[in-house]
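Shown next: coords_31.txt, given as compact mmCIF, C-alpha atoms.
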# COMPACT_ATOMS: atom_id res chain seq x y z
CA MET L 2 -35.33 43.37 55.04
CA LYS L 3 -32.41 41.39 53.93
CA ASN L 4 -31.62 38.07 55.54
CA ILE L 5 -28.12 36.94 56.16
CA VAL L 6 -26.82 33.51 56.88
CA LEU L 7 -23.32 33.92 58.25
CA PHE L 8 -21.36 30.78 57.56
CA LEU L 9 -18.61 31.10 60.18
CA LEU L 10 -17.34 27.75 59.47
CA LEU L 11 -20.02 26.65 61.83
CA LEU L 12 -23.28 25.72 60.33
CA PRO L 13 -26.73 26.36 61.78
CA ALA L 14 -29.48 23.84 61.31
CA ALA L 15 -33.02 24.72 60.50
CA SER L 16 -36.08 22.84 59.47
CA GLY L 17 -36.39 25.17 56.52
CA ILE L 18 -38.34 28.33 55.74
CA SER L 19 -41.71 28.68 54.12
CA ALA L 20 -42.20 30.09 50.64
CA GLN L 21 -43.66 33.27 52.20
CA GLN L 22 -40.62 34.02 54.34
CA PRO L 23 -37.66 35.99 52.96
CA LYS L 24 -34.64 33.80 52.39
CA PRO L 25 -31.80 34.34 54.83
CA ASN L 26 -28.45 35.67 53.78
CA ILE L 27 -25.68 33.20 54.50
CA ILE L 28 -22.19 34.14 55.61
CA PHE L 29 -19.85 31.22 56.03
CA ILE L 30 -16.82 32.24 58.08
CA LEU L 31 -13.96 29.82 57.59
CA THR L 32 -10.99 30.65 59.78
CA ASP L 33 -7.57 29.49 58.60
CA ASP L 34 -5.64 27.05 60.82
CA MET L 35 -7.68 27.86 63.94
CA GLY L 36 -7.50 25.10 66.52
CA TYR L 37 -10.38 23.85 68.64
CA GLY L 38 -8.66 25.37 71.68
CA ASP L 39 -8.02 28.82 70.20
CA ILE L 40 -11.49 30.03 71.23
CA SER L 41 -11.81 30.73 74.92
CA CYS L 42 -15.30 29.25 75.29
CA TYR L 43 -13.86 25.94 74.06
CA ASN L 44 -10.70 25.93 76.12
CA GLY L 45 -9.90 29.10 78.09
CA VAL L 46 -6.20 29.51 77.35
CA TYR L 47 -6.64 32.43 74.94
CA ASN L 48 -9.16 35.29 75.07
CA THR L 49 -11.70 35.63 72.24
CA LEU L 50 -14.44 37.74 73.79
CA ASN L 51 -16.30 38.56 70.58
CA ILE L 52 -16.33 35.00 69.28
CA ASP L 53 -17.48 33.87 72.73
CA LYS L 54 -20.29 36.42 72.49
CA LEU L 55 -21.27 34.99 69.14
CA ALA L 56 -21.50 31.56 70.76
CA THR L 57 -23.86 32.88 73.43
CA GLN L 58 -26.15 34.23 70.69
CA GLY L 59 -26.68 30.84 69.08
CA ILE L 60 -25.49 27.25 69.32
CA ARG L 61 -22.01 25.90 69.91
CA LEU L 62 -21.13 22.42 68.67
CA THR L 63 -18.30 20.40 70.18
CA ARG L 64 -18.28 17.52 67.66
CA TYR L 65 -17.90 19.22 64.30
CA TYR L 66 -15.32 17.79 61.87
CA SER L 67 -13.51 19.25 58.89
CA ALA L 68 -13.21 17.29 55.64
CA SER L 69 -9.42 17.14 55.92
CA PRO L 70 -6.61 18.09 58.30
CA VAL L 71 -5.12 20.48 55.73
CA CYS L 72 -6.25 23.50 53.75
CA SER L 73 -7.01 22.73 50.10
CA PRO L 74 -8.90 19.44 50.55
CA SER L 75 -10.72 20.81 53.59
CA ARG L 76 -12.05 23.71 51.53
CA THR L 77 -12.90 21.40 48.66
CA GLY L 78 -15.03 19.30 51.01
CA LEU L 79 -17.00 22.38 52.03
CA MET L 80 -17.40 23.61 48.48
CA THR L 81 -18.55 20.30 46.99
CA GLY L 82 -20.12 18.43 49.90
CA MET L 83 -17.98 15.44 48.99
CA ALA L 84 -14.84 13.75 50.27
CA PRO L 85 -12.10 15.90 48.71
CA ALA L 86 -10.19 12.83 47.52
CA LYS L 87 -13.06 12.22 45.09
CA TRP L 88 -11.81 15.37 43.33
CA ASN L 89 -8.17 14.22 43.58
CA MET L 90 -7.49 16.71 46.34
CA THR L 91 -5.43 15.14 49.11
CA ASN L 92 -3.00 17.78 50.37
CA TYR L 93 -2.45 21.53 50.25
CA LEU L 94 -1.95 22.81 46.72
CA SER L 95 1.42 24.24 45.76
CA ASP L 96 3.50 24.13 42.57
CA ARG L 97 3.02 21.45 39.92
CA LYS L 98 5.88 19.28 41.19
CA HIS L 99 4.50 19.24 44.72
CA ASN L 100 1.00 18.46 43.45
CA SER L 101 2.32 15.59 41.34
CA ASN L 102 4.26 14.22 44.30
CA CYS L 103 1.03 14.31 46.30
CA GLU L 104 -0.78 12.40 43.54
CA GLN L 105 -3.34 15.17 43.28
CA ALA L 106 -4.81 17.62 40.79
CA ASP L 107 -3.52 21.17 40.31
CA PHE L 108 -6.95 22.72 40.95
CA LEU L 109 -10.54 21.83 41.72
CA ASN L 110 -12.35 20.70 38.58
CA PRO L 111 -14.59 23.63 37.53
CA ALA L 112 -17.23 21.11 36.47
CA ALA L 113 -17.77 20.30 40.15
CA ALA L 114 -21.16 21.18 41.55
CA THR L 115 -20.50 23.65 44.37
CA ILE L 116 -22.40 25.30 47.18
CA ALA L 117 -22.11 28.64 45.35
CA LYS L 118 -23.67 27.20 42.19
CA VAL L 119 -26.53 25.72 44.21
CA PHE L 120 -27.30 28.98 45.99
CA LYS L 121 -26.90 31.01 42.81
CA GLY L 122 -29.46 28.68 41.22
CA GLY L 123 -31.72 29.39 44.18
CA GLY L 124 -31.73 33.13 43.54
CA TYR L 125 -28.83 34.17 45.75
CA ALA L 126 -26.08 36.67 45.02
CA THR L 127 -22.80 34.87 45.75
CA GLY L 128 -19.53 36.32 47.01
CA HIS L 129 -16.17 34.93 48.08
CA PHE L 130 -13.92 37.16 50.17
CA GLY L 131 -10.70 35.69 51.51
CA LYS L 132 -8.42 32.77 50.94
CA TRP L 133 -9.20 30.34 48.11
CA HIS L 134 -6.36 27.76 47.85
CA MET L 135 -8.24 25.38 45.56
CA GLY L 136 -6.07 26.20 42.56
CA GLY L 137 -3.87 29.00 41.25
CA GLY L 138 -0.67 30.64 42.38
CA ARG L 139 2.98 29.64 41.99
CA ASP L 140 3.42 27.99 38.57
CA VAL L 141 -0.22 26.89 38.21
CA THR L 142 -1.27 29.55 35.72
CA ASN L 143 -4.20 27.74 34.11
CA ALA L 144 -6.47 27.46 37.14
CA PRO L 145 -10.07 28.51 36.38
CA SER L 146 -11.36 31.82 37.71
CA ILE L 147 -13.33 31.90 40.97
CA LYS L 148 -16.38 32.90 38.89
CA ASP L 149 -16.31 29.46 37.25
CA TYR L 150 -17.23 27.93 40.60
CA GLY L 151 -20.41 29.97 40.96
CA PHE L 152 -19.37 33.29 42.52
CA ASP L 153 -20.59 36.67 41.30
CA GLU L 154 -17.91 38.70 43.10
CA TRP L 155 -14.67 37.88 44.89
CA SER L 156 -11.47 39.16 46.40
CA SER L 157 -8.72 36.70 47.22
CA THR L 158 -5.09 36.24 48.16
CA TRP L 159 -2.01 35.07 46.28
CA GLU L 160 -3.00 31.37 46.46
CA SER L 161 -5.83 31.80 44.00
CA PRO L 162 -6.44 32.27 40.27
CA ASP L 163 -7.64 35.85 40.89
CA PRO L 164 -5.32 37.50 43.43
CA ASP L 165 -6.41 40.94 44.62
CA PRO L 166 -3.67 43.44 43.67
CA VAL L 167 -3.91 45.31 46.97
CA LEU L 168 -2.95 42.08 48.78
CA THR L 169 -0.31 40.78 46.37
CA ALA L 170 2.39 43.34 45.62
CA LYS L 171 4.87 40.48 45.28
CA ASN L 172 4.70 36.87 44.25
CA TRP L 173 4.33 35.51 47.75
CA ILE L 174 1.81 35.06 50.58
CA TRP L 175 2.39 38.59 51.86
CA SER L 176 4.70 41.55 51.42
CA ASP L 177 5.38 44.71 53.41
CA GLN L 178 4.65 46.50 50.12
CA ASP L 179 1.04 45.28 50.00
CA SER L 180 -1.43 48.17 50.06
CA ILE L 181 -3.52 46.26 52.61
CA LYS L 182 -1.07 45.17 55.28
CA ARG L 183 -1.01 41.65 56.62
CA TRP L 184 -2.54 42.70 59.95
CA ASN L 185 -5.44 44.47 58.20
CA ARG L 186 -6.49 41.67 55.88
CA THR L 187 -9.35 40.33 57.96
CA ALA L 188 -10.72 43.87 58.31
CA TYR L 189 -10.49 44.23 54.53
CA PHE L 190 -12.45 41.03 53.93
CA VAL L 191 -15.06 42.04 56.50
CA ASP L 192 -15.44 45.36 54.67
CA LYS L 193 -15.89 43.49 51.39
CA THR L 194 -18.56 41.31 52.98
CA LEU L 195 -20.51 44.25 54.38
CA ALA L 196 -20.30 46.14 51.07
CA PHE L 197 -21.58 43.09 49.17
CA LEU L 198 -24.56 42.84 51.49
CA GLN L 199 -25.36 46.51 51.04
CA LYS L 200 -24.98 46.31 47.26
CA HIS L 201 -27.39 43.36 47.06
CA SER L 202 -29.81 44.57 49.71
CA GLY L 203 -32.83 43.46 47.69
CA GLN L 204 -31.52 39.94 47.14
CA PRO L 205 -30.49 37.14 49.52
CA CYS L 206 -26.72 36.67 49.68
CA PHE L 207 -24.48 33.66 50.14
CA ILE L 208 -21.00 34.73 51.20
CA ASN L 209 -17.80 32.84 51.88
CA LEU L 210 -15.87 34.96 54.36
CA TRP L 211 -12.62 33.01 54.43
CA PRO L 212 -9.84 35.12 56.04
CA ASP L 213 -6.26 33.85 56.01
CA ASP L 214 -5.93 34.58 59.72
CA VAL L 215 -4.86 32.88 61.95
CA HIS L 216 -2.48 31.08 59.58
CA THR L 217 1.22 31.88 59.79
CA PRO L 218 3.07 34.13 59.18
CA TRP L 219 1.80 36.04 62.20
CA VAL L 220 2.55 39.69 61.54
CA PRO L 221 0.95 41.85 64.25
CA GLY L 222 0.28 45.50 63.54
CA GLY L 223 -1.03 48.61 65.21
CA ASP L 224 0.30 48.91 68.74
CA PHE L 225 1.89 45.47 68.52
CA VAL L 226 5.42 44.70 67.43
CA LYS L 227 5.52 44.24 63.68
CA GLU L 228 7.49 41.02 63.62
CA GLU L 229 7.06 37.89 61.58
CA GLY L 230 7.41 34.58 63.33
CA ASP L 231 5.66 31.48 64.55
CA ASP L 232 6.09 32.07 68.27
CA GLU L 233 3.25 32.64 70.67
CA LYS L 234 3.98 36.31 71.33
CA ASN L 235 3.01 37.04 67.72
CA PHE L 236 0.11 34.60 67.57
CA ILE L 237 -1.74 36.17 70.52
CA PRO L 238 -2.11 39.71 69.07
CA VAL L 239 -3.05 38.28 65.65
CA LEU L 240 -5.78 36.21 67.31
CA LYS L 241 -6.88 39.28 69.27
CA GLU L 242 -7.24 41.38 66.12
CA TYR L 243 -9.12 38.58 64.39
CA ASP L 244 -11.55 38.45 67.31
CA VAL L 245 -12.01 42.23 67.11
CA GLN L 246 -12.97 41.98 63.43
CA ILE L 247 -15.51 39.23 64.09
CA GLY L 248 -17.03 41.53 66.70
CA ARG L 249 -17.07 44.41 64.22
CA LEU L 250 -18.84 42.28 61.62
CA MET L 251 -21.52 41.23 64.07
CA GLY L 252 -21.90 44.77 65.34
CA GLU L 253 -22.51 46.09 61.82
CA LEU L 254 -25.05 43.39 61.13
CA LYS L 255 -26.92 44.40 64.26
CA ARG L 256 -26.65 48.12 63.49
CA THR L 257 -28.12 47.62 60.01
CA GLY L 258 -30.85 45.27 61.25
CA LEU L 259 -29.53 42.30 59.29
CA ASP L 260 -28.63 40.20 62.29
CA LYS L 261 -32.07 38.73 63.03
CA ASN L 262 -32.44 36.76 59.85
CA THR L 263 -28.78 36.10 59.37
CA ILE L 264 -27.24 32.69 59.81
CA VAL L 265 -23.69 33.04 61.00
CA VAL L 266 -21.56 29.93 60.80
CA PHE L 267 -18.12 30.11 62.35
CA THR L 268 -15.56 27.33 62.02
CA SER L 269 -12.02 26.47 60.88
CA ASP L 270 -10.59 24.58 57.93
CA ASN L 271 -8.24 22.34 59.93
CA GLY L 272 -6.19 22.09 63.09
CA PRO L 273 -3.49 24.48 64.30
CA ALA L 274 0.18 24.77 63.41
CA PRO L 275 2.18 25.10 65.57
CA ASN L 276 0.19 23.74 68.48
CA PHE L 277 2.03 25.12 71.54
CA ARG L 278 1.84 22.41 74.23
CA HIS L 279 -1.40 21.20 72.53
CA ASP L 280 -3.19 24.21 74.05
CA ARG L 281 -4.44 25.17 70.60
CA SER L 282 -6.17 21.79 70.26
CA ALA L 283 -7.52 21.88 73.84
CA GLY L 284 -5.29 18.98 74.81
CA MET L 285 -6.41 16.71 71.98
CA ARG L 286 -3.78 14.65 70.20
CA GLY L 287 -2.75 15.87 66.76
CA ALA L 288 -2.57 19.18 64.91
CA LYS L 289 -2.73 20.34 61.30
CA VAL L 290 -1.99 17.47 58.86
CA SER L 291 -2.98 14.83 61.41
CA LEU L 292 -6.10 12.68 61.45
CA TYR L 293 -6.10 12.62 65.23
CA GLU L 294 -8.78 14.82 66.79
CA GLY L 295 -6.55 17.88 67.04
CA GLY L 296 -6.26 18.00 63.26
CA ILE L 297 -9.90 17.54 62.28
CA ARG L 298 -12.20 18.39 65.23
CA MET L 299 -13.02 22.05 64.84
CA PRO L 300 -15.02 24.69 66.67
CA MET L 301 -18.41 25.45 65.17
CA ILE L 302 -20.73 28.23 66.19
CA VAL L 303 -24.00 29.06 64.49
CA SER L 304 -26.01 32.20 65.12
CA TRP L 305 -29.42 32.92 63.61
CA PRO L 306 -31.48 34.95 66.08
CA ALA L 307 -34.71 34.50 64.10
CA GLN L 308 -34.53 30.71 64.31
CA VAL L 309 -31.76 29.46 66.62
CA LYS L 310 -32.29 29.77 70.36
CA ALA L 311 -29.41 31.52 72.09
CA GLY L 312 -27.07 29.93 74.63
CA GLN L 313 -27.14 26.32 73.42
CA VAL L 314 -24.28 23.80 73.53
CA ASP L 315 -24.55 20.47 71.70
CA SER L 316 -21.89 18.00 72.85
CA SER L 317 -23.39 14.86 71.32
CA SER L 318 -24.36 15.49 67.69
CA VAL L 319 -21.67 14.73 65.11
CA VAL L 320 -21.60 17.14 62.15
CA THR L 321 -19.11 17.33 59.30
CA ALA L 322 -18.13 19.81 56.60
CA ASN L 323 -19.78 17.61 53.97
CA ASP L 324 -23.11 18.23 55.72
CA MET L 325 -23.02 21.94 55.04
CA ILE L 326 -24.65 21.93 51.61
CA PRO L 327 -27.76 19.86 52.45
CA THR L 328 -28.06 21.58 55.82
CA LEU L 329 -27.83 25.14 54.55
CA CYS L 330 -30.13 24.41 51.63
CA GLN L 331 -32.73 23.13 54.06
CA LEU L 332 -32.35 26.19 56.25
CA ALA L 333 -32.65 28.54 53.30
CA GLY L 334 -35.54 26.71 51.68
CA ILE L 335 -33.80 26.01 48.40
CA THR L 336 -33.36 22.77 46.47
CA ASN L 337 -30.11 20.88 46.97
CA THR L 338 -29.01 19.53 43.58
CA ILE L 339 -25.79 17.88 44.83
CA ASN L 340 -25.70 14.18 45.66
CA GLY L 341 -22.84 14.48 48.11
CA ASP L 342 -21.46 12.61 51.09
CA GLY L 343 -23.17 14.65 53.78
CA GLU L 344 -26.60 14.61 55.34
CA ASP L 345 -29.09 17.26 56.39
CA ARG L 346 -28.19 18.30 59.95
CA SER L 347 -30.41 21.37 60.06
CA GLY L 348 -32.29 19.99 63.05
CA VAL L 349 -29.06 19.91 65.04
CA LEU L 350 -28.34 23.54 64.26
CA LEU L 351 -31.85 24.43 65.36
CA GLY L 352 -31.24 22.84 68.74
CA ARG L 353 -32.43 19.25 68.23
CA PRO L 354 -29.51 16.90 68.95
CA SER L 355 -29.51 13.67 66.96
CA LEU L 356 -27.37 10.71 65.99
CA ARG L 357 -25.78 10.82 62.57
CA GLY L 358 -26.76 8.29 59.93
CA LYS L 359 -23.57 8.16 57.86
CA ALA L 360 -20.02 7.29 58.80
CA ILE L 361 -17.34 9.91 58.13
CA PHE L 362 -14.19 9.01 56.17
CA TRP L 363 -10.82 10.74 55.83
CA GLU L 364 -7.60 10.26 53.93
CA TYR L 365 -4.33 12.06 54.52
CA GLY L 366 -1.11 10.43 53.39
CA ARG L 367 -0.86 8.75 49.99
CA ASN L 368 2.92 8.32 50.08
CA GLU L 369 6.07 9.12 52.03
CA ILE L 370 7.19 11.91 49.69
CA SER L 371 4.82 14.69 50.66
CA PHE L 372 2.88 13.40 53.66
CA ASN L 373 5.63 12.75 56.19
CA TYR L 374 4.16 15.18 58.73
CA PRO L 375 3.70 16.01 61.51
CA LYS L 376 6.60 14.37 63.25
CA GLY L 377 6.40 12.32 66.40
CA ARG L 378 3.32 11.16 68.26
CA ASP L 379 0.95 13.46 66.38
CA ARG L 380 1.61 11.79 63.04
CA SER L 381 -1.45 9.66 62.37
CA PRO L 382 -2.11 6.70 60.12
CA SER L 383 -3.25 7.76 56.65
CA LEU L 384 -6.93 6.74 56.82
CA ALA L 385 -9.69 7.20 59.38
CA ILE L 386 -13.38 6.44 59.88
CA LEU L 387 -15.76 7.72 62.54
CA GLU L 388 -19.02 5.90 63.23
CA GLY L 389 -20.89 6.69 66.40
CA ASN L 390 -18.29 7.06 69.15
CA TRP L 391 -15.83 4.66 67.52
CA LYS L 392 -12.97 6.09 65.52
CA LEU L 393 -10.60 3.77 63.68
CA LEU L 394 -7.33 4.83 62.07
CA MET L 395 -5.10 2.68 59.88
CA ASN L 396 -2.75 2.76 56.94
CA LYS L 397 -4.00 1.44 53.63
CA ASP L 398 -1.74 -1.64 53.97
CA GLY L 399 -3.45 -2.50 57.27
CA SER L 400 -0.61 -1.37 59.50
CA ARG L 401 -0.94 0.89 62.54
CA THR L 402 -4.55 -0.01 63.24
CA GLU L 403 -5.82 2.09 66.15
CA LEU L 404 -9.29 2.26 67.67
CA TYR L 405 -10.63 4.87 70.10
CA ASN L 406 -13.92 5.34 71.88
CA LEU L 407 -14.11 9.13 71.67
CA GLN L 408 -16.71 9.39 74.38
CA ALA L 409 -14.25 7.90 76.85
CA ASP L 410 -10.93 8.88 75.24
CA LYS L 411 -11.25 11.99 73.04
CA ASN L 412 -7.52 12.66 73.44
CA GLU L 413 -6.80 9.27 71.83
CA VAL L 414 -4.41 8.10 74.51
CA SER L 415 -5.06 4.34 74.57
CA SER L 416 -6.05 2.29 71.54
CA ALA L 417 -8.83 -0.24 72.18
CA ALA L 418 -8.07 -2.26 69.03
CA GLU L 419 -6.96 -5.40 70.87
CA GLN L 420 -10.00 -5.35 73.14
CA GLN L 421 -12.52 -4.79 70.32
CA PRO L 422 -11.60 -7.08 67.39
CA GLY L 423 -15.17 -7.12 66.09
CA VAL L 424 -15.36 -3.35 65.88
CA VAL L 425 -11.95 -3.24 64.22
CA LYS L 426 -12.97 -5.79 61.60
CA ALA L 427 -16.22 -4.04 60.72
CA LEU L 428 -14.79 -0.53 60.55
CA SER L 429 -11.58 -1.48 58.75
CA GLU L 430 -13.55 -3.24 56.01
CA LYS L 431 -15.73 -0.15 55.48
CA LEU L 432 -12.70 2.12 55.49
CA LEU L 433 -10.67 0.08 53.01
CA ASN L 434 -13.64 -0.36 50.69
CA TRP L 435 -14.14 3.40 50.72
CA TRP L 436 -10.47 4.11 50.02
CA GLN L 437 -10.20 1.58 47.21
CA ALA L 438 -13.16 3.19 45.44
CA LEU L 439 -11.50 6.62 45.37
CA PRO L 440 -10.17 7.88 42.03
CA LYS L 441 -6.38 7.81 41.71
CA LEU L 442 -4.27 10.00 39.47
Would you encode the structure as structure tokens?
Amino acid sequence: MKNIVLFLLLLPAASGISAQQPKPNIIFILTDDMGYGDISCYNGVYNTLNIDKLATQGIRLTRYYSASPVCSPSRTGLMTGMAPAKWNMTNYLSDRKHNSNCEQADFLNPAAATIAKVFKGGGYATGHFGKWHMGGGRDVTNAPSIKDYGFDEWSSTWESPDPDPVLTAKNWIWSDQDSIKRWNRTAYFVDKTLAFLQKHSGQPCFINLWPDDVHTPWVPGGDFVKEEGDDEKNFIPVLKEYDVQIGRLMGELKRTGLDKNTIVVFTSDNGPAPNFRHDRSAGMRGAKVSLYEGGIRMPMIVSWPAQVKAGQVDSSSVVTANDMIPTLCQLAGITNTINGDGEDRSGVLLGRPSLRGKAIFWEYGRNEISFNYPKGRDRSPSLAILEGNWKLLMNKDGSRTELYNLQADKNEVSSAAEQQPGVVKALSEKLLNWWQALPKL
């Protein structure tokens, strides 16, 4: 029987499988712009019954971090297991002028070792269904094909080198002339995922299921008003439909018997926008494009009935997107050939909480041209480091140094920098040394 590891942007941890066991399929579900507080089992403001059910079937992490507070570099961190700035990816990708202003590349270097290449080398069929946003679209016409990054099959949106015609009737994110309507996109990508699994039923599969929900524009369909906008009355039905499709995916896996040896990882690429009273970040400071917790602390749920005990919550172990490659390789019993920035956290996903060995680093904000967001109190300094419970933020010139003990102050209300000069000195030196070693365009 076929094994599936569902990568729902939450990553399960295992100690690995023996050579005699069939390799699990992997489905990595990466939600777009979903905040920590969008899932009801994390916050309770909105209702996500199917995602909550998924959490009860496996393990829910409360200290998982994305590689960036914005789309393109966040996805690059997952794909390569490295800080995205090492690939000159520092902001969302757009046209060439925007990318130049951001001091970043136009697309991810196809020479990069990726999670798809690693799993393909380990005997897996590889598929990518959903948003790409690591090159292509607008006036970037020379971006490499998705196949050059290790995928056998794919279907993607306008912000990719290989846009699916049924999703891209016009040269924009969506159109009312698209054959697959905006409100049916997640269902379409779920269908693609299930078909890929059926097609490769004799082979383990690694699948990126990366819908572009719940990113704006929110265009509800069906019985809902078909209006575009960024207000909450449109967000709620879009979130509801997304939750329905996650439930449908899990139901089909169970019906076909694939659920037992399937690792489902559910997570998000970055924080929410807009953040509505900070409900979508569960009260945490920040949002999308902010290095405060609301921009980078994401939900993560991992389900693997054959290996992961149901009903677990881990509120102490710190896991990051860069950990996904070594962790999933360990769980699947294949060799990790990437020397990245993450560490194997498979034990955590299997229900064994542990301290992390490596610090986590972030950059968002190389200049004032393209990084002058968000406005107000949620706009963070441009660099951050997390080590243990201490998180330090600062600009590269040393200004705006802030220090928070996240165990005591996860909403980052009161900086402890003045009270902890020793911690500030140690962390700021590590952070600046890391930043100065990054490649610059």
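You can rank L:Gly59, L:Gly230, L:Gly252, L:Gly287 by their closest distance to Leu351 (chain L) using all atoms listed in the file, and at the top of that list sits L:Gly59.
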Item to complete: Between L:Gly248, L:Leu439, L:Asp398, L:Ile181, single out the one closest to Asn89 (chain L), counting all atoms listed in the file.
Response: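 Of L:Gly248, L:Leu439, L:Asp398, L:Ile181, the one nearest Asn89 (chain L) is L:Leu439, counting all atoms listed in the file.
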Practice prompt. Identify which of the residues L:Cys103, L:Met301, L:Ile60, L:Met325 lies closest to Leu350 (chain L), counting all atoms listed in the file when measuring atom-to-atom distances.
Written response: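 Closest to Leu350 (chain L) of all the choices is L:Ile60.
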Practice prompt. Grab the CA of Lys441 (chain L) to CA of Gln105 (chain L) distance for me, in Å with one decimal place.
Written response: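 Between CA of Lys441 (chain L) and CA of Gln105 (chain L) the gap works out to 8.1 Å.
Each of L:Thr49, L:Thr115, L:Ser317, L:Asn337 was checked against Val349 (chain L) using only C-alpha atoms; the smallest atom-to-atom distance is that of L:Ser317.
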Practice prompt. Measure the distance from CA of Leu393 (chain L) to CA of Leu62 (chain L) in Å and round it to one decimal.
Written response: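 Taking CA of Leu393 (chain L) and CA of Leu62 (chain L), their separation equals 22.0 Å.
The interatomic distance for the pair CA of Leu433 (chain L) and CA of Ala68 (chain L) works out to 17.6 Å.
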Report as CSV the residues of region 115-202 of chain L within 9 Å of region 327-334 of chain L, each with its shortest atom pair and distance in Å (one decimal), using only C-alpha atoms, ordered by chain and increasing residue number.
residue,atom,partner,partner_atom,distance
L:Ile116,CA,L:Cys330,CA,9.0
L:Val119,CA,L:Cys330,CA,8.4
L:Phe120,CA,L:Cys330,CA,7.8
L:Gly123,CA,L:Gly334,CA,8.8
Worksheet item: Counting all atoms listed in the file, what is within 10 Å of region 405-414 of chain L, bar same-chain residues fewer than 4 positions away, as a list in words?
Response: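 My reading of the contact set: Ser282, Ala283, Gly284, Met285, Arg286, Gly287, Tyr293, Glu294, Gly295, Ser317, Leu387, Gly389, Asn390, Trp391, Lys392, Leu393, Leu394, Ala418 and Gln421 of chain L.
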Fill in: Counting all atoms listed in the file, the residue of L:Glu233, L:Glu369, L:Asp53, L:Asp163 that sits nearest Val215 (chain L)
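Looking only at the distances to Val215 (chain L), the closest residue turns out to be L:Glu233.
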Could you build a table of the residues in region 53-141 of chain L lying no more than 10 Å from region 309-314 of chain L, giving for each the nearest pair of atoms and their separation in Å rounded to one decimal place, using all atoms listed in the file, ordered by chain and ascending residue number, as a Markdown table?
| residue | atom | partner | partner_atom | distance |
| --- | --- | --- | --- | --- |
| L:Lys54 | CA | L:Gly312 | CA | 9.6 |
| L:Leu55 | CA | L:Ala311 | CA | 9.3 |
| L:Ala56 | CA | L:Gly312 | CA | 7.0 |
| L:Thr57 | CA | L:Gly312 | CA | 4.5 |
| L:Gln58 | CA | L:Ala311 | CA | 4.5 |
| L:Gly59 | CA | L:Ala311 | CA | 4.1 |
| L:Ile60 | CA | L:Gln313 | CA | 4.5 |
| L:Arg61 | CA | L:Val314 | CA | 4.8 |
| L:Leu62 | CA | L:Val314 | CA | 6.0 |
| L:Thr63 | CA | L:Val314 | CA | 7.7 |
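Among L:Pro238, L:Gly138, L:Ala113, L:Thr402, the residue with the shortest atom-to-atom distance to Gly82 (chain L), counting all atoms listed in the file, is L:Ala113.
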Discussion item. I want to know what sits within 9 Å of Pro85 (chain L), based on only C-alpha atoms, with residues of the same chain fewer than 3 positions away left out; could you give that as a count of residues only?
Written reply: 17
Output as JSON the centre and edge lengths (Å, one decimal) of the box along x, y and z of the file that holds every listed atom of region 143-156 of chain L after adding 8 Å on each side.
{"center_x": -12.4, "center_y": 33.3, "center_z": 40.3, "size_x": 32.4, "size_y": 27.7, "size_z": 28.3}
Worksheet item: Using all atoms listed in the file, which residues sit within 12 Å of Pro145 (chain L) once same-chain residues fewer than 4 positions away are excluded, as a list in words?
Response: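 In the requested form, the answer reads Asp107, Phe108, Leu109, Asn110, Pro111, Ala112, Ala113, Trp133, Met135, Gly136, Gly137, Gly138, Val141, Asp149, Tyr150, Gly151, Ser161, Pro162 and Asp163 of chain L.
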